[in-house]
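Everything on this sheet refers to the single structure shown next.
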Amino acid sequence: MFRSNKLLKSARGQSCMVRIPDICNGNNETTVAAHSNQLRHGKGTGIKAHDCFVAWACSDCHKEIDQGKMSKQDKQFYWQQGFERTLLAMLQLGILVVA
C-alpha cells in the first residue's frame, strides 16, 4: 500500500475540489484528503485506498461521498472530478513534482 502523511496533510487549507452542488460548504478550514471508495484504487474491507487516490473535499462533500444518499455512480462521478482537480492543483502548487 502507498501511504504518505505528507500527501494527506497537503489538503489542509485547500479549496474543496469535489464541489457537489447544494452540498459543498466551501469552507477550506474543513478540507481533508478524501480517499477513493473504489476497489481499483486499493479500497477493501477495513482498508483505505492508496494515499495517492485522494480528492480534496470539504467536510460536507466528504460526508456525502462516504455516507450520503446519492447513487454509487454519482458518488464516483463527483469524487473522480475532485480527484482530477486535486491532481492538477497538486502539480500546479508543487506538492507533486515530476522527476
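If you're wondering about the labels, chains in the C-alpha cells are A, B, ... by order shown, residues count from 1 in each chain, ligands from 1 in order shown.
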* Asked: What lies within 10 Å of Leu8 of chain A using only C-alpha atoms, ignoring chain neighbours under 2 positions off, as a list in words?
  ->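 My list of contacting residues is Arg3, Ser4, Asn5, Lys6, Ser10, Ala11, Arg12, Val32, Ala33, Ala34, His35, Asp51, Cys52, Val54, Ala55 and Trp56 of chain A.
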Preceding selection exported with C-alpha atoms as a tab-separated table (two decimals), in the first residue's frame:
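Writing done, so here's again-v2.tsv:
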```
chain	number	residue	atom	x	y	z
A	3	ARG	CA	0.96	5.69	2.31
A	4	SER	CA	2.04	9.32	2.69
A	5	ASN	CA	1.05	11.51	5.63
A	6	LYS	CA	2.69	14.44	3.87
A	10	SER	CA	-1.41	18.81	1.90
A	11	ALA	CA	-5.24	19.06	1.82
A	12	ARG	CA	-5.28	21.33	4.87
A	32	VAL	CA	-9.39	16.83	4.04
A	33	ALA	CA	-7.99	14.20	1.69
A	34	ALA	CA	-11.00	12.02	0.80
A	35	HIS	CA	-9.85	8.56	-0.26
A	51	ASP	CA	-2.99	7.66	-0.39
A	52	CYS	CA	-2.32	8.81	-3.96
A	54	VAL	CA	-7.50	11.23	-2.80
A	55	ALA	CA	-9.59	14.26	-3.63
A	56	TRP	CA	-9.52	17.42	-1.53
```
* Asked: Can you list, as an MDAnalysis selection string, every protein, DNA or RNA residue that comes within 9 Å of Gln76 of chain A when you count only C-alpha atoms, leaving out same-chain residues fewer than 3 positions away?
  -> chainID A and resid 36:38 65 71:73 79:81
* To do: Report the residues of segment 4-99 of chain A whose backbone DSSP state falls under strand (DSSP E), written as an MDAnalysis selection string.
  => chainID A and resid 32:35 54:57
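Closest to Val18 of chain A among A:Ile47, A:Ala99, A:Ala57, A:Met1 is A:Ala57, based on only C-alpha atoms.
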* Separation of atom CA of Pro21 of chain A from atom CA of Cys61 of chain A, in Å and rounded to one decimal ->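 Computed distance, atom CA of Pro21 of chain A to atom CA of Cys61 of chain A, equals 9.3 Å.
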* May I have the residues within 12 Å of Asp22 of chain A as a PyMOL selection string, using only C-alpha atoms and disregarding those fewer than 3 positions away in the same chain? => chain A and resi 18-19+25-26+60-61+64
